[in-house]
file input.cif (mmCIF, N, CA, C and O atoms)
data_final
loop_
_atom_site.label_atom_id
_atom_site.label_comp_id
_atom_site.auth_asym_id
_atom_site.auth_seq_id
_atom_site.Cartn_x
_atom_site.Cartn_y
_atom_site.Cartn_z
N MET A 1 119.06 55.38 93.25
CA MET A 1 118.19 56.39 93.77
C MET A 1 117.24 55.71 94.76
O MET A 1 116.53 54.78 94.39
N HIS A 2 117.25 56.18 95.98
CA HIS A 2 116.43 55.55 97.02
C HIS A 2 115.20 56.37 97.38
O HIS A 2 114.20 55.82 97.82
N LYS A 3 115.29 57.69 97.22
CA LYS A 3 114.17 58.55 97.56
C LYS A 3 114.13 59.74 96.61
O LYS A 3 115.17 60.26 96.22
N VAL A 4 112.92 60.14 96.25
CA VAL A 4 112.72 61.29 95.37
C VAL A 4 111.81 62.26 96.10
O VAL A 4 110.76 61.87 96.63
N TRP A 5 112.24 63.51 96.14
CA TRP A 5 111.39 64.59 96.66
C TRP A 5 111.02 65.46 95.48
O TRP A 5 111.88 65.83 94.68
N CYS A 6 109.76 65.83 95.40
CA CYS A 6 109.30 66.65 94.29
C CYS A 6 108.30 67.67 94.81
O CYS A 6 107.43 67.35 95.60
N ALA A 7 108.46 68.92 94.37
CA ALA A 7 107.48 69.96 94.69
C ALA A 7 106.88 70.45 93.39
O ALA A 7 107.58 70.63 92.40
N VAL A 8 105.58 70.65 93.39
CA VAL A 8 104.89 71.13 92.20
C VAL A 8 103.97 72.27 92.61
O VAL A 8 103.31 72.22 93.63
N GLY A 9 103.99 73.35 91.81
CA GLY A 9 103.16 74.52 92.08
C GLY A 9 102.08 74.68 91.02
O GLY A 9 102.32 75.33 90.01
N PRO A 10 100.91 74.10 91.23
CA PRO A 10 99.88 74.11 90.20
C PRO A 10 98.96 75.32 90.24
O PRO A 10 97.95 75.34 89.55
N GLY A 11 99.25 76.32 91.06
CA GLY A 11 98.30 77.40 91.26
C GLY A 11 97.38 76.99 92.40
O GLY A 11 97.84 76.53 93.44
N ILE A 12 96.08 77.09 92.20
CA ILE A 12 95.13 76.61 93.20
C ILE A 12 94.86 75.14 92.91
O ILE A 12 94.37 74.79 91.84
N ALA A 13 95.18 74.29 93.86
CA ALA A 13 95.04 72.84 93.67
C ALA A 13 93.66 72.40 94.16
O ALA A 13 93.42 72.33 95.36
N THR A 14 92.76 72.11 93.23
CA THR A 14 91.43 71.67 93.63
C THR A 14 91.41 70.18 93.99
O THR A 14 90.56 69.76 94.76
N GLN A 15 92.32 69.41 93.44
CA GLN A 15 92.42 67.98 93.76
C GLN A 15 93.88 67.61 93.98
O GLN A 15 94.51 66.94 93.16
N PRO A 16 94.45 68.04 95.12
CA PRO A 16 95.89 67.83 95.34
C PRO A 16 96.32 66.36 95.37
O PRO A 16 97.42 66.03 94.95
N ARG A 17 95.45 65.47 95.81
CA ARG A 17 95.84 64.05 95.84
C ARG A 17 95.94 63.48 94.43
O ARG A 17 96.76 62.61 94.16
N HIS A 18 95.11 63.97 93.51
CA HIS A 18 95.22 63.53 92.12
C HIS A 18 96.52 64.05 91.51
O HIS A 18 97.18 63.34 90.74
N ILE A 19 96.88 65.29 91.83
CA ILE A 19 98.14 65.86 91.34
C ILE A 19 99.31 65.04 91.86
O ILE A 19 100.21 64.67 91.11
N GLU A 20 99.28 64.72 93.15
CA GLU A 20 100.35 63.91 93.75
C GLU A 20 100.47 62.57 93.05
O GLU A 20 101.57 62.12 92.71
N ALA A 21 99.34 61.93 92.77
CA ALA A 21 99.36 60.62 92.10
C ALA A 21 99.94 60.73 90.70
O ALA A 21 100.72 59.87 90.28
N MET A 22 99.58 61.78 89.95
CA MET A 22 100.12 61.95 88.60
C MET A 22 101.63 62.12 88.62
O MET A 22 102.35 61.57 87.78
N ILE A 23 102.15 62.87 89.59
CA ILE A 23 103.60 63.09 89.69
C ILE A 23 104.30 61.78 90.05
O ILE A 23 105.36 61.45 89.49
N ILE A 24 103.73 61.03 90.99
CA ILE A 24 104.33 59.74 91.38
C ILE A 24 104.41 58.80 90.18
O ILE A 24 105.44 58.15 89.94
N VAL A 25 103.34 58.72 89.41
CA VAL A 25 103.35 57.87 88.22
C VAL A 25 104.39 58.34 87.21
O VAL A 25 105.11 57.53 86.62
N GLY A 26 104.50 59.65 87.01
CA GLY A 26 105.49 60.18 86.07
C GLY A 26 106.91 59.85 86.48
O GLY A 26 107.74 59.46 85.66
N ILE A 27 107.21 59.98 87.78
CA ILE A 27 108.55 59.66 88.27
C ILE A 27 108.82 58.17 88.12
O ILE A 27 109.90 57.76 87.65
N THR A 28 107.87 57.35 88.48
CA THR A 28 108.04 55.89 88.39
C THR A 28 108.22 55.46 86.93
O THR A 28 109.11 54.66 86.62
N ASN A 29 107.40 55.99 86.03
CA ASN A 29 107.55 55.64 84.62
C ASN A 29 108.88 56.13 84.06
O ASN A 29 109.51 55.43 83.26
N GLY A 30 109.32 57.33 84.45
CA GLY A 30 110.60 57.84 83.97
C GLY A 30 111.76 56.95 84.39
O GLY A 30 112.65 56.65 83.60
N ARG A 31 111.73 56.49 85.63
CA ARG A 31 112.79 55.58 86.11
C ARG A 31 112.71 54.24 85.38
O ARG A 31 113.73 53.67 85.01
N SER A 32 111.49 53.75 85.14
CA SER A 32 111.34 52.49 84.43
C SER A 32 111.88 52.59 83.00
O SER A 32 112.59 51.71 82.54
N HIS A 33 111.56 53.69 82.32
CA HIS A 33 112.07 53.88 80.96
C HIS A 33 113.59 53.92 80.94
O HIS A 33 114.22 53.35 80.05
N ALA A 34 114.17 54.61 81.91
CA ALA A 34 115.62 54.79 81.92
C ALA A 34 116.38 53.51 82.25
O ALA A 34 117.46 53.26 81.70
N LEU A 35 115.84 52.69 83.12
CA LEU A 35 116.61 51.55 83.63
C LEU A 35 116.19 50.17 83.11
O LEU A 35 116.99 49.25 83.12
N PHE A 36 114.94 50.02 82.69
CA PHE A 36 114.46 48.67 82.42
C PHE A 36 113.90 48.45 81.02
O PHE A 36 114.10 47.40 80.44
N GLU A 37 113.17 49.41 80.50
CA GLU A 37 112.39 49.16 79.30
C GLU A 37 113.22 49.23 78.02
O GLU A 37 114.03 50.12 77.84
N GLN A 38 112.98 48.26 77.17
CA GLN A 38 113.59 48.24 75.84
C GLN A 38 112.80 47.26 74.98
O GLN A 38 112.17 46.34 75.48
N VAL A 39 112.81 47.52 73.71
CA VAL A 39 112.19 46.60 72.75
C VAL A 39 113.32 46.03 71.90
O VAL A 39 114.08 46.77 71.29
N ASN A 40 113.44 44.74 71.93
CA ASN A 40 114.49 44.07 71.15
C ASN A 40 113.96 43.77 69.75
O ASN A 40 112.93 43.12 69.60
N ILE A 41 114.69 44.23 68.74
CA ILE A 41 114.30 44.04 67.35
C ILE A 41 115.35 43.15 66.68
O ILE A 41 116.54 43.43 66.74
N VAL A 42 114.91 42.07 66.07
CA VAL A 42 115.79 41.18 65.32
C VAL A 42 115.19 41.00 63.93
O VAL A 42 114.02 40.61 63.80
N ASP A 43 115.98 41.31 62.91
CA ASP A 43 115.53 41.23 61.52
C ASP A 43 114.21 41.98 61.30
O ASP A 43 113.31 41.52 60.61
N GLY A 44 114.11 43.16 61.94
CA GLY A 44 112.94 44.01 61.77
C GLY A 44 111.70 43.58 62.53
O GLY A 44 110.64 44.14 62.34
N GLU A 45 111.84 42.57 63.40
CA GLU A 45 110.68 42.06 64.13
C GLU A 45 110.90 42.20 65.63
O GLU A 45 111.94 41.81 66.15
N ALA A 46 109.90 42.75 66.33
CA ALA A 46 109.97 42.89 67.78
C ALA A 46 109.96 41.50 68.42
O ALA A 46 109.15 40.64 68.05
N GLN A 47 110.88 41.28 69.36
CA GLN A 47 110.98 39.99 70.03
C GLN A 47 110.05 39.88 71.23
O GLN A 47 109.76 38.78 71.68
N ASP A 48 109.61 41.00 71.76
CA ASP A 48 108.71 41.01 72.91
C ASP A 48 107.28 41.03 72.38
O ASP A 48 106.81 42.02 71.84
N ALA A 49 106.57 39.92 72.53
CA ALA A 49 105.24 39.78 71.95
C ALA A 49 104.14 40.36 72.84
O ALA A 49 103.08 40.71 72.35
N ASN A 50 104.40 40.46 74.14
CA ASN A 50 103.36 40.93 75.05
C ASN A 50 104.01 41.45 76.31
O ASN A 50 105.23 41.38 76.47
N PHE A 51 103.21 41.96 77.22
CA PHE A 51 103.76 42.56 78.43
C PHE A 51 104.36 41.54 79.40
O PHE A 51 105.07 41.91 80.31
N ASP A 52 104.10 40.26 79.20
CA ASP A 52 104.70 39.27 80.09
C ASP A 52 106.21 39.11 79.84
O ASP A 52 106.93 38.61 80.70
N THR A 53 106.69 39.56 78.68
CA THR A 53 108.12 39.49 78.40
C THR A 53 108.78 40.86 78.32
O THR A 53 109.97 40.96 78.12
N TYR A 54 107.99 41.93 78.45
CA TYR A 54 108.50 43.29 78.36
C TYR A 54 108.92 43.76 79.76
O TYR A 54 108.12 43.78 80.69
N PRO A 55 110.19 44.12 79.95
CA PRO A 55 110.66 44.47 81.29
C PRO A 55 110.21 45.87 81.72
O PRO A 55 110.38 46.84 80.98
N VAL A 56 109.61 45.97 82.89
CA VAL A 56 109.22 47.25 83.50
C VAL A 56 109.64 47.24 84.96
O VAL A 56 109.97 46.19 85.53
N ILE A 57 109.64 48.40 85.58
CA ILE A 57 110.03 48.52 86.98
C ILE A 57 109.05 47.74 87.87
O ILE A 57 107.86 47.67 87.58
N ARG A 58 109.56 47.14 88.90
CA ARG A 58 108.74 46.44 89.89
C ARG A 58 108.63 47.33 91.12
O ARG A 58 109.47 48.19 91.35
N MET A 59 107.60 47.14 91.89
CA MET A 59 107.39 47.98 93.07
C MET A 59 108.60 47.93 94.01
O MET A 59 108.97 48.94 94.61
N SER A 60 109.23 46.78 94.13
CA SER A 60 110.39 46.65 95.01
C SER A 60 111.60 47.43 94.50
O SER A 60 112.54 47.69 95.25
N GLU A 61 111.60 47.82 93.21
CA GLU A 61 112.72 48.55 92.62
C GLU A 61 112.45 50.06 92.55
O GLU A 61 113.34 50.83 92.20
N ALA A 62 111.22 50.46 92.85
CA ALA A 62 110.85 51.87 92.77
C ALA A 62 111.33 52.61 94.02
O ALA A 62 111.31 52.06 95.12
N PRO A 63 111.77 53.86 93.86
CA PRO A 63 112.21 54.63 95.03
C PRO A 63 111.00 55.11 95.83
O PRO A 63 109.88 55.16 95.33
N GLU A 64 111.25 55.46 97.07
CA GLU A 64 110.24 56.13 97.87
C GLU A 64 110.05 57.53 97.27
O GLU A 64 111.03 58.19 96.94
N ILE A 65 108.82 57.95 97.09
CA ILE A 65 108.54 59.23 96.43
C ILE A 65 107.69 60.10 97.35
O ILE A 65 106.66 59.65 97.84
N GLU A 66 108.15 61.32 97.56
CA GLU A 66 107.41 62.29 98.38
C GLU A 66 107.13 63.52 97.52
O GLU A 66 108.04 64.11 96.96
N VAL A 67 105.85 63.87 97.41
CA VAL A 67 105.43 65.00 96.58
C VAL A 67 104.78 66.06 97.46
O VAL A 67 103.91 65.74 98.27
N ALA A 68 105.20 67.29 97.27
CA ALA A 68 104.56 68.42 97.96
C ALA A 68 103.82 69.24 96.91
O ALA A 68 104.42 69.74 95.96
N VAL A 69 102.51 69.33 97.07
CA VAL A 69 101.70 70.16 96.19
C VAL A 69 101.60 71.52 96.88
O VAL A 69 101.01 71.65 97.94
N VAL A 70 102.22 72.53 96.28
CA VAL A 70 102.33 73.85 96.89
C VAL A 70 101.39 74.81 96.17
O VAL A 70 101.71 75.29 95.08
N PRO A 71 100.22 75.09 96.76
CA PRO A 71 99.29 76.01 96.11
C PRO A 71 99.85 77.43 96.12
O PRO A 71 100.56 77.82 97.03
N THR A 72 99.54 78.17 95.07
CA THR A 72 100.00 79.54 94.93
C THR A 72 98.82 80.48 95.13
O THR A 72 97.88 80.48 94.33
N ALA A 73 98.85 81.24 96.22
CA ALA A 73 97.75 82.16 96.52
C ALA A 73 97.60 83.19 95.40
O ALA A 73 98.58 83.67 94.83
N GLY A 74 96.36 83.51 95.08
CA GLY A 74 96.09 84.50 94.06
C GLY A 74 96.12 84.00 92.64
O GLY A 74 95.86 84.75 91.71
N SER A 75 96.44 82.73 92.45
CA SER A 75 96.46 82.16 91.10
C SER A 75 95.05 81.81 90.66
O SER A 75 94.20 81.48 91.49
N PRO A 76 94.79 81.85 89.37
CA PRO A 76 93.48 81.43 88.90
C PRO A 76 93.32 79.92 89.05
O PRO A 76 94.31 79.19 89.07
N ILE A 77 92.07 79.47 89.13
CA ILE A 77 91.84 78.03 89.17
C ILE A 77 92.07 77.50 87.76
O ILE A 77 91.52 78.01 86.79
N GLY A 78 92.91 76.53 87.68
CA GLY A 78 93.24 75.96 86.38
C GLY A 78 93.33 74.47 86.51
O GLY A 78 92.41 73.83 86.98
N GLY A 79 94.44 73.93 86.18
CA GLY A 79 94.63 72.49 86.29
C GLY A 79 96.01 72.11 85.84
O GLY A 79 96.75 72.92 85.29
N MET A 80 96.37 70.89 86.11
CA MET A 80 97.67 70.37 85.72
C MET A 80 97.64 69.82 84.30
O MET A 80 98.67 69.64 83.69
N GLY A 81 96.45 69.50 83.81
CA GLY A 81 96.39 68.84 82.52
C GLY A 81 96.96 67.44 82.64
O GLY A 81 96.99 66.87 83.72
N GLN A 82 97.44 66.91 81.56
CA GLN A 82 98.08 65.60 81.59
C GLN A 82 99.57 65.81 81.77
O GLN A 82 100.24 66.30 80.89
N VAL A 83 100.05 65.45 82.94
CA VAL A 83 101.48 65.66 83.24
C VAL A 83 102.30 64.64 82.48
O VAL A 83 101.99 63.44 82.49
N GLY A 84 103.34 65.10 81.83
CA GLY A 84 104.22 64.21 81.09
C GLY A 84 105.12 63.42 82.01
O GLY A 84 105.08 63.55 83.23
N ARG A 85 105.96 62.62 81.45
CA ARG A 85 106.92 61.85 82.23
C ARG A 85 107.90 62.80 82.91
O ARG A 85 108.47 63.67 82.27
N VAL A 86 108.09 62.61 84.18
CA VAL A 86 109.04 63.42 84.92
C VAL A 86 110.43 62.84 84.67
O VAL A 86 110.65 61.64 84.77
N LYS A 87 111.34 63.69 84.33
CA LYS A 87 112.72 63.24 84.10
C LYS A 87 113.40 63.04 85.46
O LYS A 87 113.53 63.97 86.23
N ALA A 88 113.79 61.85 85.75
CA ALA A 88 114.42 61.53 87.02
C ALA A 88 115.93 61.45 86.83
O ALA A 88 116.41 60.76 85.95
N ALA A 89 116.66 62.18 87.66
CA ALA A 89 118.12 62.11 87.63
C ALA A 89 118.53 60.77 88.23
O ALA A 89 117.98 60.34 89.22
N LEU A 90 119.50 60.14 87.63
CA LEU A 90 119.95 58.83 88.09
C LEU A 90 121.32 58.92 88.73
O LEU A 90 122.18 59.63 88.27
N GLU A 91 121.49 58.17 89.80
CA GLU A 91 122.80 58.06 90.44
C GLU A 91 123.44 56.75 89.99
O GLU A 91 122.81 55.73 89.95
N PHE A 92 124.69 56.84 89.66
CA PHE A 92 125.43 55.62 89.31
C PHE A 92 126.61 55.48 90.23
O PHE A 92 127.19 56.39 90.68
#
call {"tool": "encode", "arguments": {"input": "input.cif", "output": "structure tokens"}}
result
Amino acid sequence: MHKVWCAVGPGIATQPRHIEAMIIVGITNGRSHALFEQVNIVDGEAQDANFDTYPVIRMSEAPEIEVAVVPTAGSPIGGMGQVGRVKAALEF
């Protein structure tokens, strides 16, 4: 996956750049979970003691991400809340 396009309709977006940042983090974390992250357990004990040995996505491995925050006229002012991990489709 080289590029991700995402559109989100939050109603009236009072802080669209914050919404964009939350979506970018969700997409990046979703890709990291799918491709890199794992905890190795041997005899009931985690082998990864700290984040220096825990594999996560690197910036060079992350796709380009473009987010469009599309406000919906007439919607009440609300919020996005805490956006969960975005499920990213993977190409193989």
call {"tool": "atom_distance", "arguments": {"input": "input.cif", "atom1": "atom O of Gly26 (chain A)", "atom2": "atom O of Gln38 (chain A)"}}
result
17.2 Å
call {"tool": "closest_residue", "arguments": {"input": "input.cif", "among": "A:Pro16, A:Pro63, A:Gly44, A:Pro10", "to": "Asn29 (chain A)", "atoms": "only C-alpha atoms"}}
result
A:Pro63
call {"tool": "select_by_dssp", "arguments": {"input": "input.cif", "residues": "region 5-68 of chain A", "states": "helix (DSSP H, G or I)", "output": "PyMOL selection string"}}
result
chain A and resi 16-35+59-61
call {"tool": "write_last_selection", "arguments": {"input": "input.cif", "atoms": "N, CA, C and O atoms", "output": "short mmCIF file (atom, residue, chain, number, x, y, z; two decimals), keeping the file's coordinate frame"}}
result
data_model
loop_
_atom_site.label_atom_id
_atom_site.label_comp_id
_atom_site.auth_asym_id
_atom_site.auth_seq_id
_atom_site.Cartn_x
_atom_site.Cartn_y
_atom_site.Cartn_z
N PRO A 16 94.45 68.04 95.12
CA PRO A 16 95.89 67.83 95.34
C PRO A 16 96.32 66.36 95.37
O PRO A 16 97.42 66.03 94.95
N ARG A 17 95.45 65.47 95.81
CA ARG A 17 95.84 64.05 95.84
C ARG A 17 95.94 63.48 94.43
O ARG A 17 96.76 62.61 94.16
N HIS A 18 95.11 63.97 93.51
CA HIS A 18 95.22 63.53 92.12
C HIS A 18 96.52 64.05 91.51
O HIS A 18 97.18 63.34 90.74
N ILE A 19 96.88 65.29 91.83
CA ILE A 19 98.14 65.86 91.34
C ILE A 19 99.31 65.04 91.86
O ILE A 19 100.21 64.67 91.11
N GLU A 20 99.28 64.72 93.15
CA GLU A 20 100.35 63.91 93.75
C GLU A 20 100.47 62.57 93.05
O GLU A 20 101.57 62.12 92.71
N ALA A 21 99.34 61.93 92.77
CA ALA A 21 99.36 60.62 92.10
C ALA A 21 99.94 60.73 90.70
O ALA A 21 100.72 59.87 90.28
N MET A 22 99.58 61.78 89.95
CA MET A 22 100.12 61.95 88.60
C MET A 22 101.63 62.12 88.62
O MET A 22 102.35 61.57 87.78
N ILE A 23 102.15 62.87 89.59
CA ILE A 23 103.60 63.09 89.69
C ILE A 23 104.30 61.78 90.05
O ILE A 23 105.36 61.45 89.49
N ILE A 24 103.73 61.03 90.99
CA ILE A 24 104.33 59.74 91.38
C ILE A 24 104.41 58.80 90.18
O ILE A 24 105.44 58.15 89.94
N VAL A 25 103.34 58.72 89.41
CA VAL A 25 103.35 57.87 88.22
C VAL A 25 104.39 58.34 87.21
O VAL A 25 105.11 57.53 86.62
N GLY A 26 104.50 59.65 87.01
CA GLY A 26 105.49 60.18 86.07
C GLY A 26 106.91 59.85 86.48
O GLY A 26 107.74 59.46 85.66
N ILE A 27 107.21 59.98 87.78
CA ILE A 27 108.55 59.66 88.27
C ILE A 27 108.82 58.17 88.12
O ILE A 27 109.90 57.76 87.65
N THR A 28 107.87 57.35 88.48
CA THR A 28 108.04 55.89 88.39
C THR A 28 108.22 55.46 86.93
O THR A 28 109.11 54.66 86.62
N ASN A 29 107.40 55.99 86.03
CA ASN A 29 107.55 55.64 84.62
C ASN A 29 108.88 56.13 84.06
O ASN A 29 109.51 55.43 83.26
N GLY A 30 109.32 57.33 84.45
CA GLY A 30 110.60 57.84 83.97
C GLY A 30 111.76 56.95 84.39
O GLY A 30 112.65 56.65 83.60
N ARG A 31 111.73 56.49 85.63
CA ARG A 31 112.79 55.58 86.11
C ARG A 31 112.71 54.24 85.38
O ARG A 31 113.73 53.67 85.01
N SER A 32 111.49 53.75 85.14
CA SER A 32 111.34 52.49 84.43
C SER A 32 111.88 52.59 83.00
O SER A 32 112.59 51.71 82.54
N HIS A 33 111.56 53.69 82.32
CA HIS A 33 112.07 53.88 80.96
C HIS A 33 113.59 53.92 80.94
O HIS A 33 114.22 53.35 80.05
N ALA A 34 114.17 54.61 81.91
CA ALA A 34 115.62 54.79 81.92
C ALA A 34 116.38 53.51 82.25
O ALA A 34 117.46 53.26 81.70
N LEU A 35 115.84 52.69 83.12
CA LEU A 35 116.61 51.55 83.63
C LEU A 35 116.19 50.17 83.11
O LEU A 35 116.99 49.25 83.12
N MET A 59 107.60 47.14 91.89
CA MET A 59 107.39 47.98 93.07
C MET A 59 108.60 47.93 94.01
O MET A 59 108.97 48.94 94.61
N SER A 60 109.23 46.78 94.13
CA SER A 60 110.39 46.65 95.01
C SER A 60 111.60 47.43 94.50
O SER A 60 112.54 47.69 95.25
N GLU A 61 111.60 47.82 93.21
CA GLU A 61 112.72 48.55 92.62
C GLU A 61 112.45 50.06 92.55
O GLU A 61 113.34 50.83 92.20
#
call {"tool": "atom_distance", "arguments": {"input": "input.cif", "atom1": "atom O of Ile24 (chain A)", "atom2": "atom N of Ala46 (chain A)"}}
result
28.5 Å
call {"tool": "resolve_selection", "arguments": {"input": "input.cif", "expression": "the PyMOL selection byres ((chain A and resi 55) around 5)", "output": "list in words"}}
result
Phe36, Glu37, Gln38, Thr53, Tyr54, Val56 and Ile57 of chain A
call {"tool": "select_by_dssp", "arguments": {"input": "input.cif", "residues": "region 28-88 of chain A", "states": "strand (DSSP E or B)", "output": "count of residues only"}}
result
13
call {"tool": "atom_distance", "arguments": {"input": "input.cif", "atom1": "atom C of Ser60 (chain A)", "atom2": "atom N of His33 (chain A)"}}
result
13.7 Å
call {"tool": "residues_near_point", "arguments": {"input": "input.cif", "point": "(110.6, 63.1, 93.7)", "cutoff": "8 Å", "atoms": "all atoms listed in the file", "output": "ChimeraX atom specification"}}
result
/A:3-7,23-24,27,64-68,88
call {"tool": "build_atoms", "arguments": {"input": "input.cif", "residues": "region 27-36 of chain A", "atoms": "all heavy atoms", "output": "PDB file, in the frame of the given file"}}
result
ATOM      1  N   ILE A  27     107.210  59.980  87.780  1.00  0.00           N
ATOM      2  CA  ILE A  27     108.550  59.660  88.270  1.00  0.00           C
ATOM      3  C   ILE A  27     108.820  58.170  88.120  1.00  0.00           C
ATOM      4  O   ILE A  27     109.900  57.760  87.650  1.00  0.00           O
ATOM      5  CB  ILE A  27     108.703  60.095  89.741  1.00  0.00           C
ATOM      6  CG1 ILE A  27     108.715  61.626  89.832  1.00  0.00           C
ATOM      7  CG2 ILE A  27     109.963  59.497  90.365  1.00  0.00           C
ATOM      8  CD1 ILE A  27     108.599  62.166  91.250  1.00  0.00           C
ATOM      9  N   THR A  28     107.870  57.350  88.480  1.00  0.00           N
ATOM     10  CA  THR A  28     108.040  55.890  88.390  1.00  0.00           C
ATOM     11  C   THR A  28     108.220  55.460  86.930  1.00  0.00           C
ATOM     12  O   THR A  28     109.110  54.660  86.620  1.00  0.00           O
ATOM     13  CB  THR A  28     106.843  55.165  89.019  1.00  0.00           C
ATOM     14  OG1 THR A  28     106.698  55.604  90.371  1.00  0.00           O
ATOM     15  CG2 THR A  28     107.035  53.659  88.995  1.00  0.00           C
ATOM     16  N   ASN A  29     107.400  55.990  86.030  1.00  0.00           N
ATOM     17  CA  ASN A  29     107.550  55.640  84.620  1.00  0.00           C
ATOM     18  C   ASN A  29     108.880  56.130  84.060  1.00  0.00           C
ATOM     19  O   ASN A  29     109.510  55.430  83.260  1.00  0.00           O
ATOM     20  CB  ASN A  29     106.401  56.226  83.797  1.00  0.00           C
ATOM     21  CG  ASN A  29     105.132  55.439  83.935  1.00  0.00           C
ATOM     22  OD1 ASN A  29     105.120  54.324  84.417  1.00  0.00           O
ATOM     23  ND2 ASN A  29     104.027  56.031  83.522  1.00  0.00           N
ATOM     24  N   GLY A  30     109.320  57.330  84.450  1.00  0.00           N
ATOM     25  CA  GLY A  30     110.600  57.840  83.970  1.00  0.00           C
ATOM     26  C   GLY A  30     111.760  56.950  84.390  1.00  0.00           C
ATOM     27  O   GLY A  30     112.650  56.650  83.600  1.00  0.00           O
ATOM     28  N   ARG A  31     111.730  56.490  85.630  1.00  0.00           N
ATOM     29  CA  ARG A  31     112.790  55.580  86.110  1.00  0.00           C
ATOM     30  C   ARG A  31     112.710  54.240  85.380  1.00  0.00           C
ATOM     31  O   ARG A  31     113.730  53.670  85.010  1.00  0.00           O
ATOM     32  CB  ARG A  31     112.650  55.379  87.619  1.00  0.00           C
ATOM     33  CG  ARG A  31     113.738  54.511  88.207  1.00  0.00           C
ATOM     34  CD  ARG A  31     113.713  54.604  89.715  1.00  0.00           C
ATOM     35  NE  ARG A  31     114.573  53.619  90.331  1.00  0.00           N
ATOM     36  CZ  ARG A  31     115.855  53.799  90.599  1.00  0.00           C
ATOM     37  NH1 ARG A  31     116.420  54.941  90.282  1.00  0.00           N
ATOM     38  NH2 ARG A  31     116.567  52.854  91.166  1.00  0.00           N
ATOM     39  N   SER A  32     111.490  53.750  85.140  1.00  0.00           N
ATOM     40  CA  SER A  32     111.340  52.490  84.430  1.00  0.00           C
ATOM     41  C   SER A  32     111.880  52.590  83.000  1.00  0.00           C
ATOM     42  O   SER A  32     112.590  51.710  82.540  1.00  0.00           O
ATOM     43  CB  SER A  32     109.864  52.085  84.395  1.00  0.00           C
ATOM     44  OG  SER A  32     109.702  50.825  83.776  1.00  0.00           O
ATOM     45  N   HIS A  33     111.560  53.690  82.320  1.00  0.00           N
ATOM     46  CA  HIS A  33     112.070  53.880  80.960  1.00  0.00           C
ATOM     47  C   HIS A  33     113.590  53.920  80.940  1.00  0.00           C
ATOM     48  O   HIS A  33     114.220  53.350  80.050  1.00  0.00           O
ATOM     49  CB  HIS A  33     111.533  55.181  80.353  1.00  0.00           C
ATOM     50  CG  HIS A  33     110.078  55.158  80.039  1.00  0.00           C
ATOM     51  ND1 HIS A  33     109.446  54.096  79.450  1.00  0.00           N
ATOM     52  CD2 HIS A  33     109.111  56.084  80.237  1.00  0.00           C
ATOM     53  CE1 HIS A  33     108.168  54.362  79.297  1.00  0.00           C
ATOM     54  NE2 HIS A  33     107.932  55.572  79.774  1.00  0.00           N
ATOM     55  N   ALA A  34     114.170  54.610  81.910  1.00  0.00           N
ATOM     56  CA  ALA A  34     115.620  54.790  81.920  1.00  0.00           C
ATOM     57  C   ALA A  34     116.380  53.510  82.250  1.00  0.00           C
ATOM     58  O   ALA A  34     117.460  53.260  81.700  1.00  0.00           O
ATOM     59  CB  ALA A  34     116.007  55.878  82.918  1.00  0.00           C
ATOM     60  N   LEU A  35     115.840  52.690  83.120  1.00  0.00           N
ATOM     61  CA  LEU A  35     116.610  51.550  83.630  1.00  0.00           C
ATOM     62  C   LEU A  35     116.190  50.170  83.110  1.00  0.00           C
ATOM     63  O   LEU A  35     116.990  49.250  83.120  1.00  0.00           O
ATOM     64  CB  LEU A  35     116.546  51.529  85.157  1.00  0.00           C
ATOM     65  CG  LEU A  35     117.172  52.719  85.865  1.00  0.00           C
ATOM     66  CD1 LEU A  35     116.986  52.592  87.361  1.00  0.00           C
ATOM     67  CD2 LEU A  35     118.638  52.834  85.516  1.00  0.00           C
ATOM     68  N   PHE A  36     114.940  50.020  82.690  1.00  0.00           N
ATOM     69  CA  PHE A  36     114.460  48.670  82.420  1.00  0.00           C
ATOM     70  C   PHE A  36     113.900  48.450  81.020  1.00  0.00           C
ATOM     71  O   PHE A  36     114.100  47.400  80.440  1.00  0.00           O
ATOM     72  CB  PHE A  36     113.360  48.291  83.431  1.00  0.00           C
ATOM     73  CG  PHE A  36     113.829  48.319  84.854  1.00  0.00           C
ATOM     74  CD1 PHE A  36     113.566  49.402  85.662  1.00  0.00           C
ATOM     75  CD2 PHE A  36     114.557  47.262  85.374  1.00  0.00           C
ATOM     76  CE1 PHE A  36     114.000  49.438  86.972  1.00  0.00           C
ATOM     77  CE2 PHE A  36     114.997  47.289  86.682  1.00  0.00           C
ATOM     78  CZ  PHE A  36     114.725  48.381  87.482  1.00  0.00           C
TER      79      PHE A  36
END
